[in-house]
file target-v4.csv (CSV, N, CA and C atoms)
chain,number,residue,atom,x,y,z
A,25,ARG,N,15.4,8.4,-13.8
A,25,ARG,CA,15.8,9.0,-15.1
A,25,ARG,C,16.5,10.3,-14.9
A,26,ARG,N,16.0,11.1,-14.0
A,26,ARG,CA,16.6,12.4,-13.8
A,26,ARG,C,18.0,12.3,-13.2
A,27,GLN,N,18.1,11.3,-12.2
A,27,GLN,CA,19.4,11.1,-11.6
A,27,GLN,C,20.4,10.6,-12.7
A,28,ARG,N,20.0,9.8,-13.6
A,28,ARG,CA,20.9,9.3,-14.7
A,28,ARG,C,21.3,10.5,-15.6
A,29,GLN,N,20.4,11.4,-15.9
A,29,GLN,CA,20.8,12.5,-16.7
A,29,GLN,C,21.8,13.4,-16.0
A,30,MET,N,21.5,13.6,-14.7
A,30,MET,CA,22.5,14.5,-13.9
A,30,MET,C,23.9,13.8,-13.9
A,31,CYS,N,23.9,12.5,-13.7
A,31,CYS,CA,25.2,11.8,-13.6
A,31,CYS,C,25.9,11.9,-15.0
A,32,ILE,N,25.2,11.8,-16.1
A,32,ILE,CA,25.8,11.9,-17.4
A,32,ILE,C,26.3,13.3,-17.6
A,33,ARG,N,25.5,14.3,-17.2
A,33,ARG,CA,25.9,15.7,-17.3
A,33,ARG,C,27.2,16.0,-16.5
A,34,ASP,N,27.3,15.4,-15.3
A,34,ASP,CA,28.4,15.6,-14.5
A,34,ASP,C,29.7,15.0,-15.1
A,35,ARG,N,29.5,13.8,-15.6
A,35,ARG,CA,30.6,13.1,-16.3
A,35,ARG,C,31.1,13.9,-17.5
A,36,LEU,N,30.2,14.4,-18.3
A,36,LEU,CA,30.6,15.2,-19.5
A,36,LEU,C,31.3,16.5,-19.0
A,37,PHE,N,30.8,17.2,-18.0
A,37,PHE,CA,31.4,18.4,-17.5
A,37,PHE,C,32.8,18.1,-17.0
A,38,ASP,N,33.0,17.0,-16.3
A,38,ASP,CA,34.3,16.6,-15.8
A,38,ASP,C,35.2,16.3,-16.9
A,39,GLU,N,34.7,15.7,-18.0
A,39,GLU,CA,35.6,15.4,-19.1
A,39,GLU,C,36.0,16.7,-19.8
A,40,ILE,N,35.1,17.7,-20.0
A,40,ILE,CA,35.4,19.0,-20.6
A,40,ILE,C,36.5,19.6,-19.7
A,41,ILE,N,36.3,19.6,-18.4
A,41,ILE,CA,37.3,20.2,-17.5
A,41,ILE,C,38.7,19.6,-17.7
A,42,ARG,N,38.7,18.2,-17.8
A,42,ARG,CA,39.9,17.5,-17.9
A,42,ARG,C,40.7,17.9,-19.2
A,43,GLN,N,39.9,18.0,-20.3
A,43,GLN,CA,40.5,18.4,-21.6
A,43,GLN,C,41.0,19.8,-21.6
A,44,VAL,N,40.2,20.7,-21.0
A,44,VAL,CA,40.6,22.1,-20.9
A,44,VAL,C,41.9,22.3,-20.1
A,45,THR,N,41.9,21.5,-18.9
A,45,THR,CA,43.0,21.6,-18.0
A,45,THR,C,44.3,21.1,-18.7
A,46,ILE,N,44.2,20.2,-19.6
A,46,ILE,CA,45.4,19.7,-20.3
A,46,ILE,C,46.0,20.8,-21.2
A,47,ASN,N,45.1,21.6,-21.9
A,47,ASN,CA,45.5,22.6,-22.7
A,47,ASN,C,45.9,23.9,-21.9
A,48,CYS,N,45.1,24.2,-20.9
A,48,CYS,CA,45.4,25.5,-20.2
A,48,CYS,C,45.0,25.2,-18.7
A,49,PRO,N,46.0,25.0,-17.8
A,49,PRO,CA,45.7,24.6,-16.4
A,49,PRO,C,44.9,25.7,-15.7
A,50,GLU,N,45.2,27.0,-16.0
A,50,GLU,CA,44.4,28.1,-15.3
A,50,GLU,C,42.9,28.0,-15.6
A,51,ARG,N,42.6,27.8,-16.9
A,51,ARG,CA,41.2,27.7,-17.3
A,51,ARG,C,40.6,26.5,-16.7
A,52,GLY,N,41.3,25.4,-16.6
A,52,GLY,CA,40.8,24.2,-16.0
A,52,GLY,C,40.5,24.4,-14.5
A,53,LEU,N,41.3,25.2,-13.8
A,53,LEU,CA,41.1,25.5,-12.4
A,53,LEU,C,39.8,26.4,-12.3
A,54,LEU,N,39.7,27.3,-13.2
A,54,LEU,CA,38.5,28.2,-13.1
A,54,LEU,C,37.2,27.4,-13.4
A,55,LEU,N,37.3,26.4,-14.3
A,55,LEU,CA,36.1,25.6,-14.6
A,55,LEU,C,35.8,24.7,-13.4
A,56,LEU,N,36.9,24.2,-12.7
A,56,LEU,CA,36.7,23.4,-11.5
A,56,LEU,C,36.0,24.2,-10.4
A,57,ARG,N,36.4,25.5,-10.3
A,57,ARG,CA,35.8,26.4,-9.3
A,57,ARG,C,34.3,26.6,-9.7
A,58,CYS,N,34.1,26.8,-11.0
A,58,CYS,CA,32.7,27.0,-11.4
A,58,CYS,C,31.8,25.8,-11.1
A,59,ARG,N,32.4,24.6,-11.4
A,59,ARG,CA,31.6,23.4,-11.2
A,59,ARG,C,31.3,23.2,-9.7
A,60,ASP,N,32.3,23.5,-8.8
A,60,ASP,CA,32.1,23.4,-7.4
A,60,ASP,C,31.1,24.4,-6.9
A,61,ASP,N,31.2,25.6,-7.4
A,61,ASP,CA,30.2,26.7,-7.1
A,61,ASP,C,28.8,26.3,-7.5
A,62,ILE,N,28.7,25.7,-8.7
A,62,ILE,CA,27.3,25.3,-9.2
A,62,ILE,C,26.8,24.2,-8.3
A,63,LYS,N,27.6,23.2,-7.9
A,63,LYS,CA,27.2,22.1,-7.1
A,63,LYS,C,26.7,22.7,-5.7
A,64,MET,N,27.5,23.6,-5.2
A,64,MET,CA,27.1,24.2,-3.9
A,64,MET,C,25.8,25.0,-3.9
A,65,THR,N,25.7,25.7,-5.0
A,65,THR,CA,24.4,26.5,-5.2
A,65,THR,C,23.2,25.5,-5.4
A,66,ILE,N,23.4,24.5,-6.1
A,66,ILE,CA,22.3,23.5,-6.3
A,66,ILE,C,22.0,22.8,-5.0
A,67,ALA,N,23.0,22.5,-4.2
A,67,ALA,CA,22.8,21.9,-2.9
A,67,ALA,C,22.0,22.8,-2.0
A,68,ALA,N,22.4,24.1,-2.0
A,68,ALA,CA,21.7,25.1,-1.2
A,68,ALA,C,20.3,25.2,-1.6
A,69,TYR,N,20.0,25.3,-2.9
A,69,TYR,CA,18.6,25.4,-3.4
A,69,TYR,C,17.8,24.1,-3.0
A,70,GLN,N,18.5,22.9,-3.0
A,70,GLN,CA,17.8,21.7,-2.7
A,70,GLN,C,17.4,21.8,-1.2
A,71,THR,N,18.4,22.2,-0.3
A,71,THR,CA,18.1,22.3,1.1
A,71,THR,C,17.0,23.3,1.4
A,72,LEU,N,17.0,24.4,0.7
A,72,LEU,CA,16.0,25.4,0.9
A,72,LEU,C,14.6,24.9,0.4
A,73,TYR,N,14.6,24.2,-0.7
A,73,TYR,CA,13.4,23.6,-1.2
A,73,TYR,C,12.8,22.6,-0.2
A,74,GLN,N,13.7,21.7,0.3
A,74,GLN,CA,13.2,20.7,1.2
A,74,GLN,C,12.7,21.4,2.5
A,75,GLY,N,13.4,22.4,3.0
A,75,GLY,CA,12.9,23.1,4.2
A,75,GLY,C,11.6,23.8,3.9
A,76,SER,N,11.4,24.4,2.8
A,76,SER,CA,10.1,25.0,2.5
A,76,SER,C,9.0,24.0,2.3
A,77,VAL,N,9.3,22.8,1.8
A,77,VAL,CA,8.3,21.8,1.7
A,77,VAL,C,7.9,21.3,3.1
A,78,ILE,N,8.8,21.1,4.0
A,78,ILE,CA,8.5,20.7,5.3
A,78,ILE,C,7.7,21.8,6.0
A,79,PHE,N,8.1,23.0,5.9
A,79,PHE,CA,7.4,24.1,6.5
A,79,PHE,C,6.0,24.2,6.0
A,80,ALA,N,5.8,24.1,4.7
A,80,ALA,CA,4.5,24.2,4.1
A,80,ALA,C,3.6,23.0,4.6
A,81,THR,N,4.2,21.8,4.7
A,81,THR,CA,3.4,20.7,5.1
A,81,THR,C,3.0,20.9,6.6
A,82,LYS,N,3.9,21.4,7.4
A,82,LYS,CA,3.5,21.7,8.8
A,82,LYS,C,2.4,22.7,8.9
A,83,LYS,N,2.5,23.8,8.1
A,83,LYS,CA,1.5,24.8,8.1
A,83,LYS,C,0.1,24.2,7.6
A,84,GLN,N,0.2,23.4,6.6
A,84,GLN,CA,-1.1,22.8,6.1
A,84,GLN,C,-1.7,21.9,7.2
A,85,VAL,N,-0.9,21.1,7.9
A,85,VAL,CA,-1.4,20.3,9.0
A,85,VAL,C,-2.0,21.1,10.1
A,86,GLU,N,-1.3,22.2,10.5
A,86,GLU,CA,-1.8,23.1,11.5
A,86,GLU,C,-3.1,23.8,11.1
A,87,ALA,N,-3.2,24.1,9.8
A,87,ALA,CA,-4.4,24.8,9.3
A,87,ALA,C,-5.6,23.7,9.3
A,88,GLU,N,-5.3,22.5,8.9
A,88,GLU,CA,-6.4,21.5,9.0
A,88,GLU,C,-6.8,21.2,10.4
A,89,GLU,N,-5.9,21.2,11.3
A,89,GLU,CA,-6.3,21.0,12.7
A,89,GLU,C,-7.1,22.2,13.2
A,90,GLY,N,-6.7,23.4,12.8
A,90,GLY,CA,-7.4,24.6,13.1
A,90,GLY,C,-8.8,24.6,12.6
A,91,ILE,N,-9.0,24.0,11.4
A,91,ILE,CA,-10.3,24.0,10.8
A,91,ILE,C,-11.2,23.0,11.6
A,92,ARG,N,-10.6,21.8,11.9
A,92,ARG,CA,-11.3,20.8,12.7
A,92,ARG,C,-11.7,21.4,14.1
A,93,ALA,N,-10.8,22.2,14.7
A,93,ALA,CA,-11.2,22.8,16.0
A,93,ALA,C,-12.3,23.8,15.8
A,94,MET,N,-12.2,24.6,14.8
A,94,MET,CA,-13.2,25.6,14.5
A,94,MET,C,-14.6,24.9,14.2
A,95,GLU,N,-14.6,23.8,13.5
A,95,GLU,CA,-15.8,23.1,13.2
A,95,GLU,C,-16.4,22.6,14.5
A,96,ALA,N,-15.6,22.0,15.3
A,96,ALA,CA,-16.1,21.5,16.6
A,96,ALA,C,-16.7,22.7,17.5
A,97,LYS,N,-16.0,23.8,17.5
A,97,LYS,CA,-16.5,25.0,18.2
A,97,LYS,C,-17.8,25.4,17.7
A,98,ILE,N,-17.9,25.4,16.3
A,98,ILE,CA,-19.2,25.9,15.7
A,98,ILE,C,-20.3,24.9,16.1
A,99,GLU,N,-20.1,23.6,16.1
A,99,GLU,CA,-21.1,22.6,16.5
A,99,GLU,C,-21.5,22.9,17.9
A,100,GLU,N,-20.5,23.1,18.8
A,100,GLU,CA,-20.8,23.3,20.2
A,100,GLU,C,-21.6,24.6,20.4
A,101,LEU,N,-21.3,25.6,19.7
A,101,LEU,CA,-22.0,26.9,19.8
A,101,LEU,C,-23.5,26.7,19.2
A,102,GLU,N,-23.6,25.9,18.2
A,102,GLU,CA,-25.0,25.7,17.7
A,102,GLU,C,-25.8,24.9,18.7
A,103,ARG,N,-25.2,23.9,19.3
A,103,ARG,CA,-26.0,23.2,20.4
A,103,ARG,C,-26.4,24.2,21.5
A,104,THR,N,-25.4,25.0,21.9
A,104,THR,CA,-25.7,26.0,23.0
A,104,THR,C,-26.8,26.9,22.5
A,105,LYS,N,-26.8,27.3,21.3
A,105,LYS,CA,-27.8,28.2,20.8
A,105,LYS,C,-29.2,27.6,20.8
A,106,LYS,N,-29.3,26.3,20.5
A,106,LYS,CA,-30.6,25.6,20.5
A,106,LYS,C,-31.1,25.5,21.9
A,107,VAL,N,-30.2,25.2,22.9
A,107,VAL,CA,-30.6,25.1,24.3
A,107,VAL,C,-31.1,26.5,24.7
A,108,LEU,N,-30.4,27.5,24.4
A,108,LEU,CA,-30.8,28.8,24.8
A,108,LEU,C,-32.1,29.3,24.2
A,109,GLN,N,-32.3,28.9,22.9
A,109,GLN,CA,-33.6,29.2,22.3
A,109,GLN,C,-34.7,28.5,22.9
A,110,ASN,N,-34.5,27.2,23.3
A,110,ASN,CA,-35.5,26.5,24.0
A,110,ASN,C,-35.9,27.1,25.4
A,111,LYS,N,-34.8,27.5,26.1
A,111,LYS,CA,-35.0,28.2,27.4
A,111,LYS,C,-35.8,29.5,27.2
A,112,LYS,N,-35.5,30.2,26.1
A,112,LYS,CA,-36.2,31.5,25.8
A,112,LYS,C,-37.7,31.2,25.6
A,113,ILE,N,-38.0,30.2,24.8
A,113,ILE,CA,-39.4,29.8,24.5
A,113,ILE,C,-40.1,29.5,25.8
A,114,ILE,N,-39.5,28.7,26.7
A,114,ILE,CA,-40.1,28.3,28.0
A,114,ILE,C,-40.3,29.5,28.8
A,115,LEU,N,-39.3,30.3,28.9
A,115,LEU,CA,-39.5,31.5,29.8
A,115,LEU,C,-40.5,32.5,29.2
A,116,THR,N,-40.6,32.6,27.9
A,116,THR,CA,-41.6,33.5,27.3
A,116,THR,C,-43.0,33.0,27.5
A,117,ASN,N,-43.1,31.6,27.4
A,117,ASN,CA,-44.4,31.0,27.7
A,117,ASN,C,-44.8,31.2,29.2
A,118,ARG,N,-43.8,31.1,30.1
A,118,ARG,CA,-44.1,31.3,31.5
A,118,ARG,C,-44.5,32.7,31.8
A,119,MET,N,-43.8,33.6,31.1
A,119,MET,CA,-44.1,35.1,31.3
A,119,MET,C,-45.5,35.4,30.8
A,120,ASP,N,-45.8,34.8,29.7
A,120,ASP,CA,-47.2,35.1,29.1
A,120,ASP,C,-48.3,34.5,30.1
A,121,ALA,N,-48.0,33.3,30.6
A,121,ALA,CA,-49.0,32.7,31.5
A,121,ALA,C,-49.1,33.5,32.8
A,122,LEU,N,-48.0,34.0,33.3
A,122,LEU,CA,-48.0,34.8,34.5
A,122,LEU,C,-48.7,36.2,34.3
A,123,THR,N,-48.5,36.7,33.1
A,123,THR,CA,-49.1,38.0,32.8
A,123,THR,C,-50.6,37.8,32.6
A,124,LYS,N,-51.0,36.7,32.0
A,124,LYS,CA,-52.4,36.4,31.8
A,124,LYS,C,-53.1,36.2,33.2
A,125,SER,N,-52.4,35.4,34.0
A,125,SER,CA,-52.9,35.1,35.4
A,125,SER,C,-53.0,36.4,36.2
A,126,GLN,N,-52.0,37.2,36.1
A,126,GLN,CA,-52.1,38.5,36.9
A,126,GLN,C,-53.2,39.4,36.4
A,127,ALA,N,-53.4,39.4,35.1
A,127,ALA,CA,-54.5,40.2,34.5
A,127,ALA,C,-55.8,39.7,35.0
A,128,GLU,N,-56.0,38.4,35.1
A,128,GLU,CA,-57.2,37.8,35.5
A,128,GLU,C,-57.5,38.1,37.0
A,129,ILE,N,-56.4,38.0,37.8
A,129,ILE,CA,-56.5,38.3,39.2
A,129,ILE,C,-56.9,39.8,39.4
A,130,LEU,N,-56.2,40.6,38.7
A,130,LEU,CA,-56.5,42.1,38.7
A,130,LEU,C,-58.0,42.3,38.3
A,131,ALA,N,-58.4,41.7,37.3
A,131,ALA,CA,-59.8,41.9,36.9
A,131,ALA,C,-60.8,41.4,38.0
A,132,LEU,N,-60.5,40.3,38.6
A,132,LEU,CA,-61.4,39.8,39.7
A,132,LEU,C,-61.3,40.7,40.9
A,133,GLU,N,-60.2,41.2,41.2
A,133,GLU,CA,-60.0,42.1,42.3
A,133,GLU,C,-60.8,43.4,42.0
A,134,THR,N,-60.7,43.9,40.8
A,134,THR,CA,-61.4,45.1,40.4
A,134,THR,C,-62.9,44.9,40.5
A,135,GLN,N,-63.3,43.8,40.0
A,135,GLN,CA,-64.8,43.4,40.0
A,135,GLN,C,-65.3,43.3,41.4
A,136,LYS,N,-64.5,42.7,42.3
A,136,LYS,CA,-64.8,42.5,43.7
A,136,LYS,C,-64.9,43.9,44.4
A,137,ARG,N,-64.0,44.7,44.1
A,137,ARG,CA,-64.0,46.0,44.7
A,137,ARG,C,-65.2,46.9,44.2
A,138,THR,N,-65.4,46.7,42.9
A,138,THR,CA,-66.6,47.5,42.4
A,138,THR,C,-67.9,47.0,43.0
A,139,SER,N,-68.0,45.7,43.1
A,139,SER,CA,-69.3,45.2,43.7
A,139,SER,C,-69.3,45.6,45.2
A,140,GLU,N,-68.2,45.6,45.9
A,140,GLU,CA,-68.2,46.1,47.3
A,140,GLU,C,-68.6,47.5,47.4
A,141,MET,N,-68.0,48.3,46.5
A,141,MET,CA,-68.3,49.8,46.4
A,141,MET,C,-69.8,50.0,46.1
A,142,THR,N,-70.3,49.2,45.2
A,142,THR,CA,-71.7,49.3,44.9
A,142,THR,C,-72.6,49.0,46.1
A,143,PHE,N,-72.2,47.9,46.7
A,143,PHE,CA,-73.0,47.4,47.9
A,143,PHE,C,-72.9,48.5,49.0
A,144,LEU,N,-71.7,49.0,49.3
A,144,LEU,CA,-71.5,50.0,50.3
A,144,LEU,C,-72.3,51.3,50.0
A,145,ASN,N,-72.3,51.7,48.7
A,145,ASN,CA,-73.0,52.9,48.3
A,145,ASN,C,-74.5,52.6,48.5
A,146,ASN,N,-75.0,51.5,48.2
A,146,ASN,CA,-76.4,51.2,48.4
A,146,ASN,C,-76.8,51.2,49.9
A,147,GLN,N,-75.9,50.6,50.7
A,147,GLN,CA,-76.1,50.6,52.1
A,147,GLN,C,-76.1,52.0,52.7
A,148,ASN,N,-75.2,52.8,52.2
A,148,ASN,CA,-75.1,54.2,52.6
A,148,ASN,C,-76.4,55.0,52.3
A,149,LYS,N,-76.9,54.7,51.1
A,149,LYS,CA,-78.2,55.4,50.7
A,149,LYS,C,-79.3,54.9,51.6
A,150,HIS,N,-79.4,53.7,51.9
A,150,HIS,CA,-80.5,53.2,52.7
A,150,HIS,C,-80.4,53.7,54.1
A,151,LEU,N,-79.2,53.9,54.6
A,151,LEU,CA,-79.0,54.3,56.0
A,151,LEU,C,-79.2,55.8,56.1
A,152,SER,N,-79.1,56.5,55.0
A,152,SER,CA,-79.2,58.0,55.1
A,152,SER,C,-80.6,58.5,55.0

call {"tool": "encode", "arguments": {"input": "target-v4.csv", "output": "structure tokens"}}
result
Amino acid sequence: RRQRQMCIRDRLFDEIIRQVTINCPERGLLLLRCRDDIKMTIAAYQTLYQGSVIFATKKQVEAEEGIRAMEAKIEELERTKKVLQNKKIILTNRMDALTKSQAEILALETQKRTSEMTFLNNQNKHLS
């Protein structure tokens, strides 16, 4: 429909130019120049529009690909985070167990030394 309207408009403008050219050739030539200028301007705008549409489409595709890449990276980082959290829990439990074990060993050693000291002190008293 739009093409048909443009075709009709062009034919009407050509007819006006023809009639004006018959009466005054100079005005007819000026109208021809105006018509050609308008057509060139419209063609330039159409080219610019098509180029901008292509550019915008490319950028949209790039952005969507970037979003997918970012989402994949986020998922990977979340998996890594879970693995590291599990390692942290395991290491914390191991550290707590070692600390408890060392405390028990220290308590036993201290008790052993205390009983040895008590025994040696008693021996010393009996010998003196």

call {"tool": "atom_distance", "arguments": {"input": "target-v4.csv", "atom1": "CA of Leu55 (chain A)", "atom2": "CA of Ile41 (chain A)"}}
result
6.2 Å

call {"tool": "atom_distance", "arguments": {"input": "target-v4.csv", "atom1": "atom N of Ile78 (chain A)", "atom2": "atom C of Ile62 (chain A)"}}
result
22.0 Å

call {"tool": "atom_distance", "arguments": {"input": "target-v4.csv", "atom1": "atom N of Gly52 (chain A)", "atom2": "CA of Ile40 (chain A)"}}
result
9.6 Å

call {"tool": "closest_residue", "arguments": {"input": "target-v4.csv", "among": "A:Ala96, A:Ile113, A:Leu56, A:Leu108", "to": "Val44 (chain A)", "atoms": "only C-alpha atoms"}}
result
A:Leu56
